[in-house]
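This report refers to the structure that appears directly beneath it.
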Amino acid sequence: MDELATAGNWDPVQLRIDNDTDRDAEGLPFSSRHLVECLRRGAEAFGWSGRDPRIGSRREGRWLLGTGVASSTFPAITWPSTATARATADEHFHVAVNAADIGTGARTVMRQIAADALGVPTHCVEITVGDSAIGQAPVAGGSMGTSSWGWAVTKACLALRERIDREHGGRVPPEGISVGADTTADIAARGDYSRHAFGAQFCALRADPRTGEVRIDRLLGVFAAGQIINPTTARSQLIGGMTMGVGMALTEQTILDPRTGDFVTSDLASYHVAVNADVPRIDIEFVPEDDPHLNPMGSKGIGELGIVGTAAAVANAVYHATGIRVRSLPITPAALLSYSSSSTGA
């Protein structure tokens, strides 16, 4: 897209807006798609209108300055899941779902979802996760955890509340009451839509043409990902994803030993992840989105979404700064100097 914009002398943001669509490559309609809103809000927040499109036109001392943009998308996946919800006579609730909290806040969000469905404060809800005795649930991957587990939790909690009201007049019996839920049939009954989250990512950076060093100064991500259940944890997760994107763009590389087929970069001394000195100011914004074709929470996954466009935005900014179109990652100093030598015939 960036190369096309350069060849046609078009603004890369406007090019994406002008060619937006409401259907995917297979012809299915998107359940929701607010990429244009992400691009417009991001361009305004980033100050894109003041950008000089000429290559290598801005310099500060030894640094060439560049800015780049890229779109991001990731499918909104939901897999079948089970959950149980139990109420005790002291008006507390125990919800169990075989989720895996790998540091992304699954317990916190499941508790919120359960409390919303039950109509009670969060301190009345206890969540149990990570026990195979609970019942089937998908893994923590593919940006599908909250949507999959949350649907089962919502279904179980709504059924529990309905049973308490219908069978017990709104009061929990002394022995307590429990309900189980399975979303397999619910997911199978959904309509045919292409379900995706979208975003626009912007990058400002500096590149030293003599050494090949690249330093990122600012990243901005604007995302449309359905209902954001917990803005605090969602923002942190997207910052983490964009930090991973920085590593993908500039430092992370897996190298195989051709003699043994083993990995040479097998530890953190040789496999370079982005650290504090590599990570700039990262701003996250959300575009409100109401999508009735997803799940009861209206949520989409965000785990991978922040990673997707970051490296492309960085590479496009490197081109804007240096005029060098890098076609493989990571963009290390050696790689950038190699491209520079190739383009000059050195």
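Chain identifiers are assigned as A, B, and so on, following the order in which chains appear in the structure tokens; residues are numbered from 1 within each chain, and ligands are numbered from 1 in order of appearance.
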Check range 40-255 of chain A with DSSP on the backbone and list each residue it calls strand (DSSP E or B), as number ranges by chain.
A: 58-60, 63-75, 82-87, 93-96, 125-128, 177-182, 194, 196-207, 214-224, 226
Env of range 15-32 of chain A: 7 Å cut, atoms = only C-alpha atoms, seq-sep filter 2 positions within chain, self excluded. Answer as a PyMOL selection string.
chain A and resi 5+10-13+34+36+193-195+291+293
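Using only C-alpha atoms, the shortest contact distance between Glu126 in chain A and any of A:Leu158, A:Ala334, A:Val139, A:Ala87 is found at A:Ala87.
Minimum atom-to-atom distances from A:Met242, A:Leu256, A:Leu336, A:Val326 to Phe223 in chain A were compared using only C-alpha atoms, and the lowest value belongs to A:Met242.
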Would you kindly return, as a short mmCIF file (atom, residue, chain, number, x, y, z; two decimals) with all heavy atoms, in the first residue's frame, each protein, DNA or RNA residue with an atom no farther than 10 Å from any atom of Val109 in chain A, considering only C-alpha atoms and excluding same-chain residues fewer than 6 positions away?
```cif
data_model
loop_
_atom_site.label_atom_id
_atom_site.label_comp_id
_atom_site.auth_asym_id
_atom_site.auth_seq_id
_atom_site.Cartn_x
_atom_site.Cartn_y
_atom_site.Cartn_z
N ALA A 115 -20.17 -10.44 36.77
CA ALA A 115 -20.91 -9.49 37.60
C ALA A 115 -21.95 -8.74 36.78
O ALA A 115 -23.08 -8.50 37.26
CB ALA A 115 -19.93 -8.51 38.25
N ILE A 127 -13.94 -16.01 40.85
CA ILE A 127 -13.64 -16.67 39.57
C ILE A 127 -12.60 -17.76 39.78
O ILE A 127 -11.57 -17.55 40.44
CB ILE A 127 -13.12 -15.65 38.54
CG1 ILE A 127 -14.22 -14.68 38.14
CG2 ILE A 127 -12.57 -16.36 37.31
CD1 ILE A 127 -15.31 -15.29 37.27
N THR A 146 -11.23 -13.93 25.63
CA THR A 146 -12.33 -13.21 26.26
C THR A 146 -13.65 -13.50 25.57
O THR A 146 -14.68 -13.73 26.22
CB THR A 146 -12.05 -11.69 26.24
OG1 THR A 146 -10.88 -11.43 27.03
CG2 THR A 146 -13.22 -10.91 26.80
N GLY A 150 -15.91 -15.63 27.81
CA GLY A 150 -16.90 -14.68 28.29
C GLY A 150 -18.31 -15.03 27.86
O GLY A 150 -19.27 -14.79 28.61
N ILE A 229 -14.07 -4.15 27.17
CA ILE A 229 -14.63 -4.52 28.47
C ILE A 229 -13.87 -3.86 29.60
O ILE A 229 -14.47 -3.37 30.57
CB ILE A 229 -14.64 -6.05 28.61
CG1 ILE A 229 -15.59 -6.65 27.57
CG2 ILE A 229 -15.06 -6.48 30.02
CD1 ILE A 229 -15.54 -8.14 27.46
N ASN A 230 -12.56 -3.82 29.51
CA ASN A 230 -11.76 -3.17 30.54
C ASN A 230 -10.72 -2.30 29.84
O ASN A 230 -9.68 -2.79 29.38
CB ASN A 230 -11.07 -4.22 31.43
CG ASN A 230 -10.38 -3.60 32.63
OD1 ASN A 230 -9.64 -2.63 32.51
ND2 ASN A 230 -10.63 -4.16 33.81
N THR A 233 -6.85 -2.67 31.11
CA THR A 233 -6.10 -3.86 30.71
C THR A 233 -5.99 -3.95 29.18
O THR A 233 -4.99 -4.43 28.66
CB THR A 233 -6.75 -5.14 31.26
OG1 THR A 233 -8.12 -5.20 30.83
CG2 THR A 233 -6.71 -5.15 32.78
N ALA A 234 -7.02 -3.48 28.47
CA ALA A 234 -6.96 -3.50 27.00
C ALA A 234 -5.85 -2.59 26.50
O ALA A 234 -5.09 -2.95 25.59
CB ALA A 234 -8.30 -3.07 26.42
#
```
Can you work out which one of A:Ser299, A:Thr88, A:Thr108, A:Thr78 has the shortest atom-to-atom distance to Pro173 in chain A, counting only C-alpha atoms?
A:Thr88
Run DSSP on the backbone of this structure and report the residues of range 202-319 of chain A it assigns to helix (DSSP H, G or I), as a short mmCIF file (atom, residue, chain, number, x, y, z; two decimals) with C-alpha atoms, in the first residue's frame.
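Output contents, as saved in out.cif:
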```cif
data_model
loop_
_atom_site.label_atom_id
_atom_site.label_comp_id
_atom_site.auth_asym_id
_atom_site.auth_seq_id
_atom_site.Cartn_x
_atom_site.Cartn_y
_atom_site.Cartn_z
CA PRO A 231 -10.04 -0.13 28.97
CA THR A 232 -7.11 -0.27 31.41
CA THR A 233 -6.10 -3.86 30.71
CA ALA A 234 -6.96 -3.50 27.00
CA ARG A 235 -4.68 -0.48 26.67
CA SER A 236 -1.86 -2.35 28.41
CA GLN A 237 -2.32 -5.36 26.15
CA LEU A 238 -2.18 -3.22 23.00
CA ILE A 239 0.92 -1.39 24.25
CA GLY A 240 2.46 -4.82 24.79
CA GLY A 241 1.48 -5.88 21.29
CA MET A 242 2.97 -2.77 19.73
CA THR A 243 6.14 -3.30 21.79
CA MET A 244 6.35 -6.78 20.28
CA GLY A 245 5.90 -5.14 16.89
CA VAL A 246 8.91 -2.93 17.60
CA GLY A 247 10.97 -6.05 18.29
CA MET A 248 9.65 -7.64 15.10
CA ALA A 249 10.61 -4.54 13.12
CA LEU A 250 14.07 -3.80 14.49
CA ASN A 276 12.99 0.06 27.57
CA ALA A 277 15.57 1.95 25.54
CA ASP A 278 13.96 0.73 22.30
CA LEU A 305 -4.12 -6.80 16.88
CA GLY A 306 -1.49 -4.43 18.28
CA ILE A 307 1.36 -6.43 16.75
CA VAL A 308 0.01 -6.63 13.22
CA THR A 310 3.51 -1.97 13.85
CA ALA A 311 6.38 -3.42 11.83
CA ALA A 312 4.84 -2.20 8.57
CA ALA A 313 4.43 1.32 9.96
CA VAL A 314 8.08 1.27 11.09
CA ALA A 315 9.30 0.03 7.70
CA ASN A 316 7.26 2.68 5.91
CA ALA A 317 8.71 5.36 8.19
CA VAL A 318 12.22 4.08 7.46
CA TYR A 319 11.52 4.49 3.76
#
```
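Here CA of Glu175 in chain A is placed at a distance of 20.4 Å from CA of Ile134 in chain A.
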The residue from A:Arg33, A:Ala96, A:Thr251, A:Ser328 with the smallest atom-to-atom distance to Ala269 in chain A, counting only C-alpha atoms, is A:Thr251
